[in-house]
file query_34.cif (mmCIF, C-alpha atoms and all ligand atoms)
data_entry
loop_
_atom_site.label_atom_id
_atom_site.label_comp_id
_atom_site.auth_asym_id
_atom_site.auth_seq_id
_atom_site.Cartn_x
_atom_site.Cartn_y
_atom_site.Cartn_z
CA MET A 27 -19.50 27.45 -12.42
CA ASN A 28 -18.75 30.76 -10.71
CA TYR A 29 -15.25 32.19 -10.23
CA PHE A 30 -15.11 31.28 -6.55
CA ILE A 31 -15.96 27.60 -7.07
CA ARG A 32 -13.62 27.44 -10.08
CA GLN A 33 -10.80 28.63 -7.84
CA PHE A 34 -11.49 25.82 -5.35
CA GLY A 35 -11.50 23.35 -8.24
CA LYS A 36 -8.20 24.66 -9.66
CA PRO A 37 -6.57 27.32 -7.44
CA GLU A 38 -4.53 29.81 -9.46
CA GLY A 39 -2.68 33.07 -8.85
CA GLY A 40 -2.56 35.03 -5.60
CA PHE A 41 -6.23 34.40 -4.79
CA GLY A 42 -5.81 30.66 -5.41
CA ARG A 43 -2.84 30.56 -3.04
CA PHE A 44 -4.85 32.47 -0.44
CA LEU A 45 -7.75 30.02 -0.79
CA SER A 46 -5.41 27.04 -0.45
CA GLY A 47 -4.37 28.40 2.97
CA ILE A 48 -8.04 28.67 3.97
CA MET A 49 -8.55 25.06 2.84
CA ASN A 50 -5.68 23.97 5.11
CA LEU A 51 -7.60 25.35 8.07
CA SER A 52 -11.02 24.05 7.08
CA ASN A 53 -9.75 20.59 6.02
CA ASN A 54 -7.52 19.96 9.02
CA LYS A 55 -9.85 17.40 10.61
CA MET A 56 -9.89 15.45 7.34
CA TYR A 57 -6.08 15.46 7.12
CA LYS A 58 -5.88 14.02 10.65
CA ALA A 59 -8.42 11.30 9.88
CA ASN A 60 -6.47 10.34 6.75
CA ILE A 61 -3.15 10.21 8.58
CA ARG A 62 -4.59 7.67 11.05
CA ILE A 63 -5.77 5.43 8.20
CA LEU A 64 -2.37 5.58 6.45
CA LYS A 65 -0.44 3.93 9.28
CA GLY A 66 1.84 1.21 7.85
CA LYS A 67 1.36 2.29 4.21
CA LYS A 68 4.65 2.51 2.34
CA ARG A 69 3.85 4.14 -1.01
CA ILE A 70 1.15 6.78 -0.96
CA LEU A 71 -0.38 8.97 -3.70
CA GLU A 72 -2.39 12.11 -3.03
CA ILE A 73 -4.69 13.30 -5.83
CA GLY A 74 -5.26 17.08 -5.72
CA PHE A 75 -2.59 17.96 -3.16
CA GLY A 76 -3.28 21.74 -3.27
CA ASN A 77 -0.45 23.59 -1.50
CA GLY A 78 0.95 20.30 -0.12
CA LYS A 79 -0.07 20.74 3.51
CA GLN A 80 -1.52 17.25 3.92
CA LEU A 81 1.54 15.61 2.34
CA GLU A 82 3.74 17.59 4.70
CA LEU A 83 1.79 16.29 7.72
CA ILE A 84 1.94 12.71 6.40
CA GLN A 85 5.69 13.03 5.86
CA ARG A 86 6.18 14.22 9.44
CA GLU A 87 4.15 11.34 10.84
CA TYR A 88 5.52 8.62 8.55
CA PRO A 89 8.97 9.79 7.39
CA GLU A 90 9.75 6.36 5.97
CA ALA A 91 6.79 6.43 3.51
CA GLU A 92 7.35 7.24 -0.18
CA LEU A 93 5.02 10.12 -1.10
CA TYR A 94 3.67 11.06 -4.52
CA GLY A 95 1.14 13.63 -5.67
CA VAL A 96 -0.69 14.93 -8.72
CA ASP A 97 -2.58 18.20 -9.15
CA ILE A 98 -3.92 19.95 -12.25
CA SER A 99 -2.91 23.41 -11.03
CA ALA A 100 0.62 24.55 -11.93
CA ASP A 101 0.42 27.19 -9.20
CA MET A 102 -0.43 24.55 -6.58
CA PHE A 103 2.43 22.41 -7.89
CA ASP A 104 4.80 25.38 -7.32
CA ALA A 105 3.43 26.06 -3.82
CA ALA A 106 3.65 22.39 -2.79
CA THR A 107 7.14 21.97 -4.29
CA LYS A 108 8.31 24.98 -2.28
CA ARG A 109 6.83 23.45 0.87
CA LEU A 110 8.02 19.87 0.38
CA GLY A 111 11.26 20.10 -1.60
CA ASN A 112 12.37 16.54 -2.33
CA LYS A 113 10.20 14.96 0.38
CA ALA A 114 7.52 14.07 -2.19
CA ASP A 115 7.50 13.29 -5.89
CA LEU A 116 4.96 15.78 -7.32
CA GLN A 117 3.60 16.15 -10.83
CA ILE A 118 1.16 18.38 -12.67
CA ALA A 119 -1.34 15.86 -14.03
CA ASP A 120 -5.04 15.21 -14.36
CA ALA A 121 -6.25 12.29 -12.25
CA CYS A 122 -7.98 10.98 -15.39
CA GLU A 123 -4.55 9.83 -16.58
CA LEU A 124 -2.32 8.98 -13.66
CA PRO A 125 1.34 8.92 -14.73
CA TYR A 126 2.22 5.73 -12.84
CA GLN A 127 2.57 2.05 -13.63
CA ASP A 128 -0.04 -0.55 -12.62
CA ASP A 129 -0.16 -1.87 -9.02
CA PHE A 130 2.26 0.81 -7.80
CA PHE A 131 0.66 2.24 -4.63
CA ASP A 132 -0.62 0.73 -1.43
CA ALA A 133 -2.72 3.83 -0.70
CA VAL A 134 -4.32 6.60 -2.76
CA ILE A 135 -5.96 9.48 -0.91
CA THR A 136 -7.92 12.52 -1.97
CA THR A 137 -9.32 15.29 0.22
CA ASP A 138 -12.03 17.79 -0.73
CA THR A 139 -11.53 17.03 -4.40
CA PHE A 140 -13.75 14.39 -6.01
CA TYR A 141 -16.63 16.76 -6.83
CA PHE A 142 -14.30 18.68 -9.15
CA TRP A 143 -13.44 15.65 -11.28
CA LYS A 144 -14.99 16.01 -14.72
CA LYS A 145 -14.85 12.24 -15.37
CA PRO A 146 -15.16 10.57 -11.96
CA GLU A 147 -15.53 7.03 -13.26
CA GLN A 148 -12.37 7.37 -15.34
CA VAL A 149 -10.48 8.64 -12.28
CA LEU A 150 -11.72 5.66 -10.26
CA GLN A 151 -10.55 3.33 -13.01
CA GLU A 152 -7.13 4.94 -12.86
CA ILE A 153 -7.01 4.69 -9.07
CA CYS A 154 -7.89 1.02 -9.29
CA ARG A 155 -5.19 0.45 -11.91
CA VAL A 156 -2.36 2.09 -9.91
CA LEU A 157 -3.35 0.44 -6.60
CA SER A 158 -1.81 -2.90 -5.73
CA GLU A 159 -4.10 -5.72 -4.62
CA GLY A 160 -5.33 -5.01 -1.09
CA GLY A 161 -4.41 -1.33 -1.50
CA ILE A 162 -6.80 1.32 -0.21
CA PHE A 163 -8.41 4.41 -1.70
CA VAL A 164 -9.46 6.98 0.89
CA ASN A 165 -11.94 9.63 -0.26
CA THR A 166 -12.44 12.35 2.35
CA TYR A 167 -14.79 15.18 1.52
CA ASN A 168 -17.28 17.73 2.71
CA ARG A 169 -20.94 16.85 2.01
CA MET A 170 -21.86 20.51 1.92
CA TYR A 171 -19.39 21.14 -0.93
CA ALA A 172 -20.48 17.96 -2.70
CA ALA A 173 -23.93 19.51 -2.76
CA SER A 174 -22.88 22.92 -4.06
CA VAL A 175 -20.14 22.36 -6.65
CA GLY A 176 -20.78 22.20 -10.37
CA ASN A 177 -23.69 22.91 -12.62
CA CYS A 178 -25.91 20.00 -11.65
CA SER A 179 -29.23 20.32 -9.87
CA GLU A 180 -29.10 20.36 -6.09
CA GLU A 181 -30.73 16.97 -5.91
CA ASP A 182 -28.17 15.38 -8.26
CA CYS A 183 -25.34 16.94 -6.29
CA MET A 184 -26.63 15.73 -2.93
CA TYR A 185 -26.09 12.19 -4.14
CA ARG A 186 -22.64 12.61 -5.65
CA ASP A 187 -20.99 10.69 -2.85
CA ILE A 188 -23.46 7.85 -3.33
CA ASP A 189 -22.82 7.91 -7.10
CA LEU A 190 -19.13 7.64 -6.38
CA ILE A 191 -19.64 4.52 -4.28
CA THR A 192 -21.66 2.89 -7.05
CA SER A 193 -19.04 3.82 -9.66
CA ALA A 194 -16.25 2.52 -7.42
CA GLU A 195 -17.96 -0.87 -7.25
CA ARG A 196 -18.13 -0.94 -11.05
CA VAL A 197 -14.32 -0.67 -11.23
CA SER A 198 -13.79 -3.27 -8.44
CA LEU A 199 -13.09 -0.97 -5.52
CA GLN A 200 -15.07 -2.38 -2.60
CA GLU A 201 -16.29 -0.05 0.11
CA LYS A 202 -14.73 -0.99 3.44
CA GLY A 203 -16.05 1.65 5.78
CA GLN A 204 -17.31 5.15 6.30
CA ALA A 205 -16.51 7.57 9.09
CA LYS A 206 -17.99 10.88 10.14
CA VAL A 207 -15.01 13.17 10.52
CA GLY A 208 -16.91 16.37 11.40
CA LEU A 209 -20.35 17.87 11.06
CA CYS A 210 -20.25 17.75 7.24
CA GLU A 211 -16.99 15.89 6.62
CA ARG A 212 -17.01 12.24 5.65
CA GLN A 213 -14.34 9.65 4.93
CA ILE A 214 -15.01 6.60 2.77
CA VAL A 215 -12.40 3.85 2.52
CA PHE A 216 -12.35 1.46 -0.46
CA ARG A 217 -10.13 -1.58 -1.01
CA LYS A 218 -8.96 -3.09 -4.28
CA GLU A 219 -9.78 -6.78 -4.19
C1 LIG A 301 -10.55 22.14 -3.01
S1 LIG A 301 -8.88 21.89 -3.45
C2 LIG A 301 -8.29 20.81 -2.14
C3 LIG A 301 -6.79 20.84 -2.01
C4 LIG A 301 -6.19 19.91 -0.94
N1 LIG A 301 -6.62 18.54 -1.13
C5 LIG A 301 -6.55 20.39 0.45
O1 LIG A 301 -7.29 19.69 1.15
O2 LIG A 301 -6.08 21.46 0.85
C6 LIG A 301 -9.00 20.75 -4.83
C7 LIG A 301 -7.65 20.44 -5.47
O3 LIG A 301 -7.80 19.38 -6.43
C8 LIG A 301 -7.12 19.72 -7.62
N2 LIG A 301 -7.81 19.02 -8.71
C9 LIG A 301 -9.08 19.22 -9.16
N3 LIG A 301 -9.37 18.38 -10.16
C10 LIG A 301 -8.28 17.59 -10.35
C11 LIG A 301 -7.97 16.54 -11.26
N4 LIG A 301 -8.85 16.12 -12.18
N5 LIG A 301 -6.75 15.96 -11.17
C12 LIG A 301 -5.82 16.39 -10.26
N6 LIG A 301 -6.08 17.40 -9.38
C13 LIG A 301 -7.28 18.00 -9.42
C14 LIG A 301 -7.20 21.24 -7.69
O4 LIG A 301 -6.24 21.84 -8.52
C15 LIG A 301 -7.05 21.62 -6.21
O5 LIG A 301 -5.69 21.80 -5.83
#
call {"tool": "encode", "arguments": {"input": "query_34.cif", "output": "structure tokens", "more": "lines below"}}
Ligand SMILES: C[S@@+](CC[C@H](N)C(=O)[O-])C[C@H]1O[C@@H](n2cnc3c(N)ncnc32)[C@H](O)[C@@H]1O
result
Amino acid sequence: MNYFIRQFGKPEGGFGRFLSGIMNLSNNKMYKANIRILKGKKRILEIGFGNGKQLELIQREYPEAELYGVDISADMFDAATKRLGNKADLQIADACELPYQDDFFDAVITTDTFYFWKKPEQVLQEICRVLSEGGIFVNTYNRMYAASVGNCSEEDCMYRDIDLITSAERVSLQEKGQAKVGLCERQIVFRKE
């Protein structure tokens, strides 16, 4: 994986912080689509919160919601903590091992992130475990990035989103809908049943 893609997968240092600002601009449509879906949700987890921009927008829209987040980058944790203060409960953690009890959240979201997960099926298992029954998992991503991240062949990568849907079914997350958010951006909503 080249340096540039590695930085998107785990932003670090000054360049990582710069990239996280770029992501805020390019992912804005996805944030808005997620905020609409989260209406009425009380306890929300974001996986891979980057510099915390999306959590900040969610907090503004739904100030009564309890917000949580995990990210593997210590530098992103620092940037998001600076932005959010005590408005969200943030932790440095890998989504492979979510530091929460079972059935805790009524929504888990992730934006522009799933193609960086080294063990996607394990992450889905964890998401399913921490979601309460009827809770939703919202995966919002860019198809172009899904096709270009990682060391896999282009053909394998093109189908990463489809692989994710199949893996989600294996851990009992049922697909409930897909939306086209932009030219390349997609949102898939799953429900734990
Ligand atoms: C491309 S950035 C997107 C950041 C943010 N979601 C946004 O839209 O601005 C991907 C983020 O996911 C985080 N990340 C990658 N793999 C992760 C994992 N296994 N567990 C938790 N966070 C992860 C990275 O550190 C990075 O902050």
call {"tool": "atom_distance", "arguments": {"input": "query_34.cif", "atom1": "atom CA of Gly203 of chain A", "atom2": "atom CA of Asp97 of chain A"}}
result
26.0 Å
call {"tool": "residues_near_ligand", "arguments": {"input": "query_34.cif", "ligand": "ligand LIG 301 (chain A)", "cutoff": "8 Å", "atoms": "only C-alpha atoms and all ligand atoms", "output": "ChimeraX atom specification"}}
result
/A:34-37,46-47,49-50,53-54,56-57,72-80,96-99,102,118-122,136-140,142-145,149
call {"tool": "residues_near_point", "arguments": {"input": "query_34.cif", "point": "(-20.2, 12.5, 5.7)", "cutoff": "12 Å", "atoms": "only C-alpha atoms", "output": "list in words"}}
result
Met56, Asp138, Asn165, Thr166, Tyr167, Asn168, Arg169, Met170, Tyr171, Ala172, Ala173, Met184, Tyr185, Arg186, Asp187, Ile188, Gly203, Gln204, Ala205, Lys206, Val207, Gly208, Leu209, Cys210, Glu211, Arg212, Gln213 and Ile214 of chain A
call {"tool": "closest_residue", "arguments": {"input": "query_34.cif", "among": "A:Asp101, A:Gly95, A:Glu123, A:Leu199", "to": "Gln33 of chain A", "atoms": "all atoms listed in the file"}}
result
A:Asp101
call {"tool": "atom_distance", "arguments": {"input": "query_34.cif", "atom1": "atom CA of Pro146 of chain A", "atom2": "atom CA of Arg62 of chain A"}}
result
25.5 Å
call {"tool": "residues_around", "arguments": {"input": "query_34.cif", "residues": "Ile63 of chain A", "least_positions_apart": "3", "cutoff": "10 Å", "atoms": "only C-alpha atoms", "output": "mmCIF file with C-alpha atoms, in the frame of the given file"}}
result
data_model
loop_
_atom_site.group_PDB
_atom_site.id
_atom_site.type_symbol
_atom_site.label_atom_id
_atom_site.label_comp_id
_atom_site.auth_asym_id
_atom_site.auth_seq_id
_atom_site.Cartn_x
_atom_site.Cartn_y
_atom_site.Cartn_z
ATOM 1 C CA LYS A 58 -5.880 14.020 10.650
ATOM 2 C CA ALA A 59 -8.420 11.300 9.880
ATOM 3 C CA ASN A 60 -6.470 10.340 6.750
ATOM 4 C CA GLY A 66 1.840 1.210 7.850
ATOM 5 C CA LYS A 67 1.360 2.290 4.210
ATOM 6 C CA ALA A 133 -2.720 3.830 -0.700
ATOM 7 C CA ILE A 135 -5.960 9.480 -0.910
ATOM 8 C CA ILE A 162 -6.800 1.320 -0.210
ATOM 9 C CA VAL A 164 -9.460 6.980 0.890
ATOM 10 C CA VAL A 215 -12.400 3.850 2.520
#
call {"tool": "closest_residue", "arguments": {"input": "query_34.cif", "among": "A:Gln151, A:Ser158, A:Ser52, A:Gln85", "to": "Ser198 of chain A", "atoms": "only C-alpha atoms"}}
result
A:Gln151
call {"tool": "closest_residue", "arguments": {"input": "query_34.cif", "among": "A:Ile191, A:Lys202, A:Arg109, A:Arg217", "to": "Leu157 of chain A", "atoms": "all atoms listed in the file"}}
result
A:Arg217
call {"tool": "atom_distance", "arguments": {"input": "query_34.cif", "atom1": "atom CA of Glu159 of chain A", "atom2": "atom CA of Asp128 of chain A"}}
result
10.4 Å
call {"tool": "residues_around", "arguments": {"input": "query_34.cif", "residues": "Asn112 of chain A", "least_positions_apart": "6", "cutoff": "12 Å", "atoms": "all atoms listed in the file", "output": "ChimeraX atom specification"}}
result
/A:81-82,85,92-94,106
call {"tool": "closest_residue", "arguments": {"input": "query_34.cif", "among": "A:Asp189, A:Pro89, A:Val197, A:Phe44", "to": "Tyr141 of chain A", "atoms": "only C-alpha atoms"}}
result
A:Asp189
call {"tool": "axis_aligned_box", "arguments": {"input": "query_34.cif", "around": "segment 103-107 of chain A", "padding_each_side": "6 Å", "output": "lines of an AutoDock Vina configuration file"}}
result
center_x = 4.8
center_y = 24.0
center_z = -5.3
size_x = 16.7
size_y = 16.1
size_z = 17.1
call {"tool": "decode", "arguments": {"input": "query_34.cif", "residues": "segment 64-212 of chain A", "atoms": "C-alpha atoms", "output": "tab-separated table (two decimals), in the first residue's frame"}}
result
chain	number	residue	atom	x	y	z
A	64	LEU	CA	-29.94	8.88	12.37
A	65	LYS	CA	-33.09	10.81	13.26
A	66	GLY	CA	-34.54	9.44	16.53
A	67	LYS	CA	-31.44	7.35	17.38
A	68	LYS	CA	-30.36	7.80	20.98
A	69	ARG	CA	-26.99	6.06	21.30
A	70	ILE	CA	-24.74	6.26	18.27
A	71	LEU	CA	-21.25	4.88	17.56
A	72	GLU	CA	-19.02	6.11	14.74
A	73	ILE	CA	-16.23	3.76	13.63
A	74	GLY	CA	-13.26	5.66	12.15
A	75	PHE	CA	-14.29	9.18	13.18
A	76	GLY	CA	-11.17	10.87	11.69
A	77	ASN	CA	-10.97	14.46	12.95
A	78	GLY	CA	-14.51	14.25	14.40
A	79	LYS	CA	-16.29	16.45	11.87
A	80	GLN	CA	-19.21	14.08	11.29
A	81	LEU	CA	-19.76	13.58	15.04
A	82	GLU	CA	-19.77	17.35	15.46
A	83	LEU	CA	-22.49	17.72	12.80
A	84	ILE	CA	-24.54	14.91	14.39
A	85	GLN	CA	-24.22	16.54	17.81
A	86	ARG	CA	-25.47	19.86	16.42
A	87	GLU	CA	-28.46	18.21	14.77
A	88	TYR	CA	-29.33	15.82	17.60
A	89	PRO	CA	-27.94	17.37	20.82
A	90	GLU	CA	-29.86	14.87	22.94
A	91	ALA	CA	-28.11	11.82	21.38
A	92	GLU	CA	-25.27	10.04	23.23
A	93	LEU	CA	-22.27	9.90	20.88
A	94	TYR	CA	-19.37	7.46	20.92
A	95	GLY	CA	-16.46	6.88	18.56
A	96	VAL	CA	-13.45	4.66	17.93
A	97	ASP	CA	-10.48	5.28	15.66
A	98	ILE	CA	-7.12	3.50	15.37
A	99	SER	CA	-5.18	6.74	14.88
A	100	ALA	CA	-3.97	8.48	18.05
A	101	ASP	CA	-3.51	11.70	16.07
A	102	MET	CA	-7.14	11.58	14.87
A	103	PHE	CA	-8.24	10.89	18.46
A	104	ASP	CA	-6.39	14.08	19.54
A	105	ALA	CA	-7.87	16.16	16.70
A	106	ALA	CA	-11.42	14.92	17.37
A	107	THR	CA	-11.08	15.36	21.15
A	108	LYS	CA	-10.00	18.96	20.57
A	109	ARG	CA	-13.01	19.52	18.33
A	110	LEU	CA	-15.64	17.77	20.46
A	111	GLY	CA	-14.48	18.14	24.06
A	112	ASN	CA	-16.94	16.20	26.22
A	113	LYS	CA	-19.68	16.10	23.58
A	114	ALA	CA	-18.65	12.57	22.54
A	115	ASP	CA	-17.03	9.63	24.28
A	116	LEU	CA	-14.01	8.82	22.06
A	117	GLN	CA	-11.50	6.00	22.26
A	118	ILE	CA	-8.46	4.81	20.36
A	119	ALA	CA	-9.47	1.28	19.38
A	120	ASP	CA	-9.53	-1.10	16.45
A	121	ALA	CA	-13.05	-1.88	15.23
A	122	CYS	CA	-12.06	-5.58	15.38
A	123	GLU	CA	-12.49	-5.35	19.15
A	124	LEU	CA	-15.08	-2.77	20.07
A	125	PRO	CA	-14.73	-1.75	23.73
A	126	TYR	CA	-18.47	-1.83	24.49
A	127	GLN	CA	-20.93	-4.23	26.03
A	128	ASP	CA	-23.42	-6.27	23.97
A	129	ASP	CA	-26.64	-4.62	22.68
A	130	PHE	CA	-25.42	-1.14	23.60
A	131	PHE	CA	-26.09	1.03	20.52
A	132	ASP	CA	-29.14	1.72	18.42
A	133	ALA	CA	-26.98	2.92	15.52
A	134	VAL	CA	-23.42	2.29	14.30
A	135	ILE	CA	-22.14	4.35	11.38
A	136	THR	CA	-18.96	4.37	9.37
A	137	THR	CA	-17.99	6.71	6.54
A	138	ASP	CA	-15.25	6.14	3.96
A	139	THR	CA	-13.67	3.48	6.13
A	140	PHE	CA	-14.63	-0.14	5.54
A	141	TYR	CA	-12.07	-0.77	2.79
A	142	PHE	CA	-9.29	-0.14	5.32
A	143	TRP	CA	-10.47	-2.85	7.72
A	144	LYS	CA	-8.00	-5.72	7.73
A	145	LYS	CA	-10.61	-8.19	9.06
A	146	PRO	CA	-13.97	-6.97	7.76
A	147	GLU	CA	-15.97	-10.00	8.87
A	148	GLN	CA	-14.66	-9.68	12.42
A	149	VAL	CA	-15.62	-5.99	12.45
A	150	LEU	CA	-19.13	-6.88	11.26
A	151	GLN	CA	-19.40	-9.47	14.02
A	152	GLU	CA	-18.44	-6.81	16.54
A	153	ILE	CA	-20.94	-4.33	15.10
A	154	CYS	CA	-23.67	-6.95	15.33
A	155	ARG	CA	-22.71	-7.72	18.94
A	156	VAL	CA	-22.82	-4.10	20.15
A	157	LEU	CA	-26.06	-3.26	18.30
A	158	SER	CA	-29.34	-3.77	20.10
A	159	GLU	CA	-32.09	-5.71	18.33
A	160	GLY	CA	-33.58	-3.53	15.60
A	161	GLY	CA	-30.47	-1.31	15.65
A	162	ILE	CA	-28.98	-0.13	12.37
A	163	PHE	CA	-25.53	-0.20	10.83
A	164	VAL	CA	-24.98	2.47	8.19
A	165	ASN	CA	-22.01	1.97	5.86
A	166	THR	CA	-21.40	5.00	3.65
A	167	TYR	CA	-18.49	4.87	1.25
A	168	ASN	CA	-17.02	5.88	-2.06
A	169	ARG	CA	-17.05	3.15	-4.73
A	170	MET	CA	-14.02	4.67	-6.40
A	171	TYR	CA	-11.97	4.30	-3.20
A	172	ALA	CA	-13.35	0.81	-2.61
A	173	ALA	CA	-11.84	-0.04	-5.98
A	174	SER	CA	-8.42	1.49	-5.36
A	175	VAL	CA	-7.49	0.76	-1.74
A	176	GLY	CA	-5.32	-2.16	-0.68
A	177	ASN	CA	-3.20	-4.69	-2.45
A	178	CYS	CA	-5.94	-6.73	-4.07
A	179	SER	CA	-6.55	-6.96	-7.80
A	180	GLU	CA	-8.80	-4.32	-9.30
A	181	GLU	CA	-11.49	-6.88	-9.95
A	182	ASP	CA	-11.50	-8.10	-6.33
A	183	CYS	CA	-11.66	-4.54	-5.08
A	184	MET	CA	-14.56	-3.57	-7.32
A	185	TYR	CA	-16.67	-6.09	-5.47
A	186	ARG	CA	-15.66	-5.20	-1.93
A	187	ASP	CA	-18.99	-3.58	-1.20
A	188	ILE	CA	-20.79	-6.68	-2.45
A	189	ASP	CA	-18.50	-8.88	-0.31
A	190	LEU	CA	-19.40	-6.76	2.67
A	191	ILE	CA	-23.11	-7.32	2.10
A	192	THR	CA	-22.59	-11.08	1.92
A	193	SER	CA	-20.45	-11.06	5.08
A	194	ALA	CA	-23.03	-8.91	6.89
A	195	GLU	CA	-25.71	-11.51	6.16
A	196	ARG	CA	-23.45	-14.19	7.64
A	197	VAL	CA	-23.39	-12.32	10.97
A	198	SER	CA	-27.17	-11.63	10.89
A	199	LEU	CA	-27.17	-8.03	9.70
A	200	GLN	CA	-29.92	-7.81	7.09
A	201	GLU	CA	-29.62	-5.28	4.31
A	202	LYS	CA	-32.49	-2.80	4.49
A	203	GLY	CA	-31.71	-0.39	1.70
A	204	GLN	CA	-29.17	1.31	-0.49
A	205	ALA	CA	-28.99	4.92	-1.57
A	206	LYS	CA	-26.90	6.74	-4.12
A	207	VAL	CA	-25.51	9.72	-2.25
A	208	GLY	CA	-23.38	11.18	-5.07
A	209	LEU	CA	-21.74	10.11	-8.29
A	210	CYS	CA	-19.54	7.52	-6.56
A	211	GLU	CA	-20.86	7.64	-3.00
A	212	ARG	CA	-23.17	4.94	-1.70
